[in-house]
Amino acid sequence: MRRRRTLLIVGGLVLVVVAVAWIGVRAFLAKGELEAAVPLAQTVREQVVADDPGAAGKTARELAAHARSAADLTSDPIWRAAEIVPWVGPNLTAVRELAGATEDVAVGAITPLVNLAGSLRPELFKPVDGAVPVQPIVDAQEDVRKADDALEGAAKRVRTIDEGPLISQVRGAVDQLRPVLTETADTVDAARRAIDLMPAMLGADGPRTYLVMFQNPAEPRASGGNPGALALIGTDGGRISLLQQASTADFPRFPEPVLPLPTETAGIYGNITGRFMQNVTLTPRFQQSAELASEMWFQRFGTRVDGVLSIDPVALGYLLDATGPIPLATGDELSTENAAQLLLSEVYNRYPSGPEQDAFFAAASGAVFDRVASGNFDPTKLIGALAKAGTERRVLVWSAAEAEQALLDGTTLTDLLPTAAQAPQTFGVYVNDATGSKMGYYLDLQAATGVAKCGSDGQLLGLQLTLTNTAPADAASTLSDYVTGAGQAGVTPGNFRFNIAVYAPPGSMPGGVQRDGVDLPSQLATDGEFPVTQFKIELAPGESTTIDLGVTAYDASGTPGIVATPKVHLSETQQASINCEFALQ
């Protein structure tokens with residue numbers, strides 16, 4: 001009996017040793033397969049960029065084979081059984097999930113995306129005889145959907161890995177793969193939505209009309225700027241036509257909001273948001289702005305539009321990198337280097353009256369439209385320019401069709417608010433002009449954020465804004481009255497005054513606001529799920545000031561981010577040193 005028990009113990013130990021050896025060997029082999037897959041992913045990307053779909057397809061198949069082998073090596077019954085062992089198990093589970101996610105990407109995402117490399121080249125977006133070919137976009141939809149589903153599944157697998165019990169090597173692999181998968185999944189998700197939307201928006205199913213708002217950041221509004229110049233465009237079977245141009249001067253002062261305003265919007269920004277075309281963008285909620293602008297256009301001109309698009313002169317400058325310089329009837333040459341300065345500054349000193357300025361803007365935007373509609377541009381650069389402008393929130397879209405708007409919801413194209421993924425640890429910083437001028441061109445705004453652990457429950461998220469009026473000291477006499485506002489809003493010419501609304505993470509508790517260490521009066525409100533703190537700032541030429549604002553948050557992790565009004569000149573968010581007394585008085 002004792003001998004049998006001994007044999008059973010020895011046999012059990014042998015099985016354990018064999019199992020450990022089995023898992024160790026397979027883990028070593030899986031590591032080799034994954035390491036072989038990593039450089040192939042970079043190679044396939046380079047081959048796609050070099051427009052070599054044949055080579056990219058071959059490399060993608062090699063990549064898929066390595067990824068599939070790694071997944072097989074980490075998912076046999078012995079491996080899965082060992083996942084229940086304390087300490088060791090969570091690491092084995094994490095390795096299996098990493099290998100599985102890599103297989104999902106290699107097989108389910110890269111292969112269909114490589115298929116698209118040969119069939120959906122940027123050249124296909126160039127108009128032919130004035131029309132953008134729609135069928136290649138329709139043909140691409142299925143492959144993009146497959147890639148998006150695979151990437152989202154892989155990203156979800158890696159997001160759900162609990163890093164707490166992992167050893168450093170496995171945790172490092174998770175930390176390395178998770179942001180890459182998340183960023184790539186977001187990019188392909190945006191591409192999927194765009195490709196699903198584009199055929200209908202280009203008039204594949206019948207004619208469409210769209211209102212285009214050119215937001216002017218020289219007179220800031222929360223979602224960009226005063227939409228001083230507007231255009232009506234039509235699409236039909238891929239053909240795009242410029243139908244009509246207008247300016248805010250063409251619209252009456254509506255006695256009441258043209259549509260019912262949400263209580264929050266009226267309380268924070270006033271009912272002028274729904275009464276003046278130039279004020280519909282006071283809110284960062286672009287869907288509200290677009291619906292108001294659409295209704296105003298209908299009441300003024302009788303045309304019910306299918307959607308509203310927004311772009312600003314800075315984004316227009318990005319497009320000029322693709323079209324090349326464009327000569328204007330005024331003798332100017334509009335280029336990517338001078339677009340912002342010419343359209344947001346020089347024009348106001350050159351043409352003192354509003355109608356002359358409107359005529360210049362109409363001529364400039366019409367010239368750019370004609371160049372793009374003619375197909376005389378570099379399509380790769382154009383796509384890159386639109387992507388850059390979209391990332392900076394300089395391109396916004398609203399569709400009157402509910403199904404199409406549902407595709408836009410939750411993306412950075414639909415409004416200026418933090419997305420659902422960003423919201424728990426992101427500030428929204430929105431600037432609205434209160435000078436009645438174009439002094440926003442001279443606003444320099446630097447932002448920094450930080451976090452401090454204060455007590456056992458929450459974290460203090462800190463926001464620091466440094467604002468500077470970069471206008472020349474003699475701005476009152478050297479800048480035109482149209483730029484300075486001529487004191488009509490009670491602001492000394494050369495000074496600028498802005499209302500700044502800070503949207504804090506949902507569920508957070510705002511503290512106080514300080515300007516250069518002194519308490520600053522502020523208005524507290526809510527806009528949907530966001531706590532809002534709003535305050536005024538006025539600065540003379542050359543003057544600078546620092547604003548500190550803190551909130552207590554319970555769901556945040558890491559240094560807060562910022563989503564902000566896209567100004568003329570952007571700057572990177574810096575890291576601020578925050579303590580538990582930061583602006584909480």
# chains A, B, ... in the order shown; residues from 1 in each chain; ligands from 1
call {"tool": "select_by_dssp", "arguments": {"residues": "region 204-391 of chain A", "states": "strand (DSSP E or B)", "output": "NGL selection string"}}
result
:A and (208-216 or 226-236 or 239-247 or 307-311 or 326-327 or 333-334)
call {"tool": "closest_atom_pairs", "arguments": {"of": "region 206-265 of chain A", "to": "region 353-364 of chain A", "cutoff": "7 Å", "atoms": "only C-alpha atoms", "output": "CSV"}}
result
residue,atom,partner,partner_atom,distance
A:Ala229,CA,A:Asp358,CA,7.0
A:Gln245,CA,A:Ala362,CA,6.9
A:Ser247,CA,A:Asp358,CA,6.7
call {"tool": "write_last_selection", "arguments": {"atoms": "C-alpha atoms", "output": "CSV table (one decimal), in the first residue's frame"}}
result
chain,number,residue,atom,x,y,z
A,229,ALA,CA,-18.9,82.4,-44.7
A,245,GLN,CA,-22.6,81.2,-51.3
A,247,SER,CA,-22.4,85.2,-45.3
call {"tool": "atom_distance", "arguments": {"atom1": "CA of Ser577 (chain A)", "atom2": "CA of Thr559 (chain A)"}}
result
10.7 Å
call {"tool": "closest_residue", "arguments": {"among": "A:Pro112, A:Gly462, A:Pro39, A:Gly375", "to": "Gly550 (chain A)", "atoms": "only C-alpha atoms"}}
result
A:Gly462
call {"tool": "residues_around", "arguments": {"residues": "Pro217 (chain A)", "least_positions_apart": "6", "cutoff": "6 Å", "atoms": "only C-alpha atoms", "output": "VMD selection string"}}
result
chain A and resid 224 to 225 567
call {"tool": "write_last_selection", "arguments": {"atoms": "C-alpha atoms", "output": "mmCIF file, in the first residue's frame"}}
result
data_model
loop_
_atom_site.group_PDB
_atom_site.id
_atom_site.type_symbol
_atom_site.label_atom_id
_atom_site.label_comp_id
_atom_site.auth_asym_id
_atom_site.auth_seq_id
_atom_site.Cartn_x
_atom_site.Cartn_y
_atom_site.Cartn_z
ATOM 1 C CA GLY A 224 -14.145 76.769 -33.840
ATOM 2 C CA GLY A 225 -15.235 80.258 -34.789
ATOM 3 C CA LYS A 567 -7.334 77.816 -32.346
#
call {"tool": "decode", "arguments": {"residues": "region 156-205 of chain A", "atoms": "N, CA and C atoms", "output": "tab-separated table (two decimals), in the first residue's frame"}}
result
chain	number	residue	atom	x	y	z
A	156	LYS	N	-10.37	44.51	-27.58
A	156	LYS	CA	-11.18	44.17	-26.40
A	156	LYS	C	-10.51	43.06	-25.60
A	157	ARG	N	-9.92	42.06	-26.30
A	157	ARG	CA	-9.24	40.97	-25.60
A	157	ARG	C	-8.10	41.51	-24.73
A	158	VAL	N	-7.33	42.42	-25.29
A	158	VAL	CA	-6.18	42.94	-24.56
A	158	VAL	C	-6.62	43.91	-23.46
A	159	ARG	N	-7.69	44.68	-23.71
A	159	ARG	CA	-8.19	45.61	-22.68
A	159	ARG	C	-8.66	44.87	-21.43
A	160	THR	N	-9.17	43.66	-21.58
A	160	THR	CA	-9.75	42.95	-20.44
A	160	THR	C	-8.70	42.18	-19.62
A	161	ILE	N	-7.44	42.21	-20.05
A	161	ILE	CA	-6.40	41.51	-19.28
A	161	ILE	C	-6.13	42.28	-17.98
A	162	ASP	N	-6.20	41.57	-16.86
A	162	ASP	CA	-5.91	42.16	-15.55
A	162	ASP	C	-4.39	42.14	-15.35
A	163	GLU	N	-3.77	43.34	-15.29
A	163	GLU	CA	-2.32	43.41	-15.19
A	163	GLU	C	-1.80	43.19	-13.76
A	164	GLY	N	-2.70	43.24	-12.77
A	164	GLY	CA	-2.27	43.16	-11.38
A	164	GLY	C	-1.36	41.99	-11.05
A	165	PRO	N	-1.73	40.74	-11.39
A	165	PRO	CA	-0.90	39.60	-10.99
A	165	PRO	C	0.19	39.22	-11.99
A	166	LEU	N	0.43	40.03	-12.99
A	166	LEU	CA	1.36	39.63	-14.06
A	166	LEU	C	2.81	39.93	-13.69
A	167	ILE	N	3.70	39.09	-14.18
A	167	ILE	CA	5.13	39.38	-14.04
A	167	ILE	C	5.50	40.50	-15.00
A	168	SER	N	6.64	41.12	-14.77
A	168	SER	CA	7.00	42.34	-15.51
A	168	SER	C	7.09	42.10	-17.01
A	169	GLN	N	7.62	40.93	-17.42
A	169	GLN	CA	7.77	40.68	-18.85
A	169	GLN	C	6.42	40.62	-19.56
A	170	VAL	N	5.46	39.93	-18.94
A	170	VAL	CA	4.13	39.81	-19.55
A	170	VAL	C	3.40	41.14	-19.48
A	171	ARG	N	3.52	41.84	-18.33
A	171	ARG	CA	2.88	43.15	-18.21
A	171	ARG	C	3.42	44.12	-19.26
A	172	GLY	N	4.73	44.05	-19.50
A	172	GLY	CA	5.33	44.93	-20.51
A	172	GLY	C	4.77	44.66	-21.89
A	173	ALA	N	4.55	43.38	-22.21
A	173	ALA	CA	3.98	43.05	-23.52
A	173	ALA	C	2.56	43.58	-23.65
A	174	VAL	N	1.79	43.48	-22.57
A	174	VAL	CA	0.43	44.01	-22.58
A	174	VAL	C	0.45	45.52	-22.77
A	175	ASP	N	1.31	46.21	-22.00
A	175	ASP	CA	1.40	47.67	-22.10
A	175	ASP	C	1.84	48.12	-23.49
A	176	GLN	N	2.64	47.30	-24.16
A	176	GLN	CA	3.12	47.65	-25.48
A	176	GLN	C	2.04	47.45	-26.54
A	177	LEU	N	1.27	46.38	-26.40
A	177	LEU	CA	0.29	46.05	-27.44
A	177	LEU	C	-1.02	46.81	-27.28
A	178	ARG	N	-1.42	47.07	-26.03
A	178	ARG	CA	-2.74	47.66	-25.79
A	178	ARG	C	-2.92	49.01	-26.49
A	179	PRO	N	-2.03	50.00	-26.32
A	179	PRO	CA	-2.27	51.29	-26.99
A	179	PRO	C	-2.20	51.19	-28.51
A	180	VAL	N	-1.34	50.32	-29.03
A	180	VAL	CA	-1.24	50.17	-30.48
A	180	VAL	C	-2.55	49.64	-31.05
A	181	LEU	N	-3.10	48.61	-30.40
A	181	LEU	CA	-4.35	48.03	-30.86
A	181	LEU	C	-5.50	49.03	-30.74
A	182	THR	N	-5.53	49.76	-29.61
A	182	THR	CA	-6.61	50.73	-29.41
A	182	THR	C	-6.57	51.81	-30.48
A	183	GLU	N	-5.38	52.37	-30.71
A	183	GLU	CA	-5.24	53.44	-31.71
A	183	GLU	C	-5.58	52.93	-33.11
A	184	THR	N	-5.09	51.74	-33.45
A	184	THR	CA	-5.37	51.19	-34.78
A	184	THR	C	-6.84	50.87	-34.94
A	185	ALA	N	-7.45	50.31	-33.90
A	185	ALA	CA	-8.88	50.00	-33.97
A	185	ALA	C	-9.70	51.27	-34.15
A	186	ASP	N	-9.34	52.34	-33.45
A	186	ASP	CA	-10.06	53.61	-33.59
A	186	ASP	C	-9.91	54.15	-35.01
A	187	THR	N	-8.70	54.03	-35.59
A	187	THR	CA	-8.47	54.53	-36.94
A	187	THR	C	-9.31	53.77	-37.96
A	188	VAL	N	-9.31	52.44	-37.86
A	188	VAL	CA	-10.07	51.64	-38.82
A	188	VAL	C	-11.57	51.81	-38.60
A	189	ASP	N	-11.97	52.01	-37.33
A	189	ASP	CA	-13.39	52.28	-37.06
A	189	ASP	C	-13.82	53.56	-37.75
A	190	ALA	N	-12.98	54.60	-37.69
A	190	ALA	CA	-13.30	55.85	-38.38
A	190	ALA	C	-13.37	55.64	-39.89
A	191	ALA	N	-12.45	54.82	-40.43
A	191	ALA	CA	-12.46	54.54	-41.86
A	191	ALA	C	-13.75	53.79	-42.24
A	192	ARG	N	-14.15	52.86	-41.40
A	192	ARG	CA	-15.38	52.10	-41.68
A	192	ARG	C	-16.58	53.04	-41.74
A	193	ARG	N	-16.68	53.90	-40.77
A	193	ARG	CA	-17.82	54.83	-40.76
A	193	ARG	C	-17.80	55.74	-41.98
A	194	ALA	N	-16.60	56.22	-42.32
A	194	ALA	CA	-16.48	57.11	-43.48
A	194	ALA	C	-16.88	56.40	-44.76
A	195	ILE	N	-16.39	55.17	-44.94
A	195	ILE	CA	-16.68	54.43	-46.18
A	195	ILE	C	-18.15	54.02	-46.23
A	196	ASP	N	-18.76	53.77	-45.07
A	196	ASP	CA	-20.19	53.48	-45.05
A	196	ASP	C	-21.02	54.72	-45.39
A	197	LEU	N	-20.52	55.90	-45.00
A	197	LEU	CA	-21.27	57.14	-45.22
A	197	LEU	C	-21.06	57.74	-46.60
A	198	MET	N	-19.85	57.61	-47.13
A	198	MET	CA	-19.48	58.39	-48.32
A	198	MET	C	-20.37	58.17	-49.54
A	199	PRO	N	-20.72	56.93	-49.89
A	199	PRO	CA	-21.54	56.78	-51.10
A	199	PRO	C	-22.84	57.58	-51.06
A	200	ALA	N	-23.58	57.47	-49.95
A	200	ALA	CA	-24.84	58.21	-49.85
A	200	ALA	C	-24.59	59.71	-49.84
A	201	MET	N	-23.54	60.15	-49.11
A	201	MET	CA	-23.26	61.59	-49.05
A	201	MET	C	-22.84	62.14	-50.40
A	202	LEU	N	-22.24	61.29	-51.24
A	202	LEU	CA	-21.84	61.72	-52.59
A	202	LEU	C	-22.98	61.61	-53.60
A	203	GLY	N	-24.16	61.26	-53.11
A	203	GLY	CA	-25.31	61.23	-54.00
A	203	GLY	C	-25.47	59.94	-54.76
A	204	ALA	N	-24.94	58.83	-54.23
A	204	ALA	CA	-25.08	57.56	-54.94
A	204	ALA	C	-26.54	57.11	-55.03
A	205	ASP	N	-27.35	57.50	-54.03
A	205	ASP	CA	-28.76	57.09	-54.01
A	205	ASP	C	-29.69	58.21	-54.44
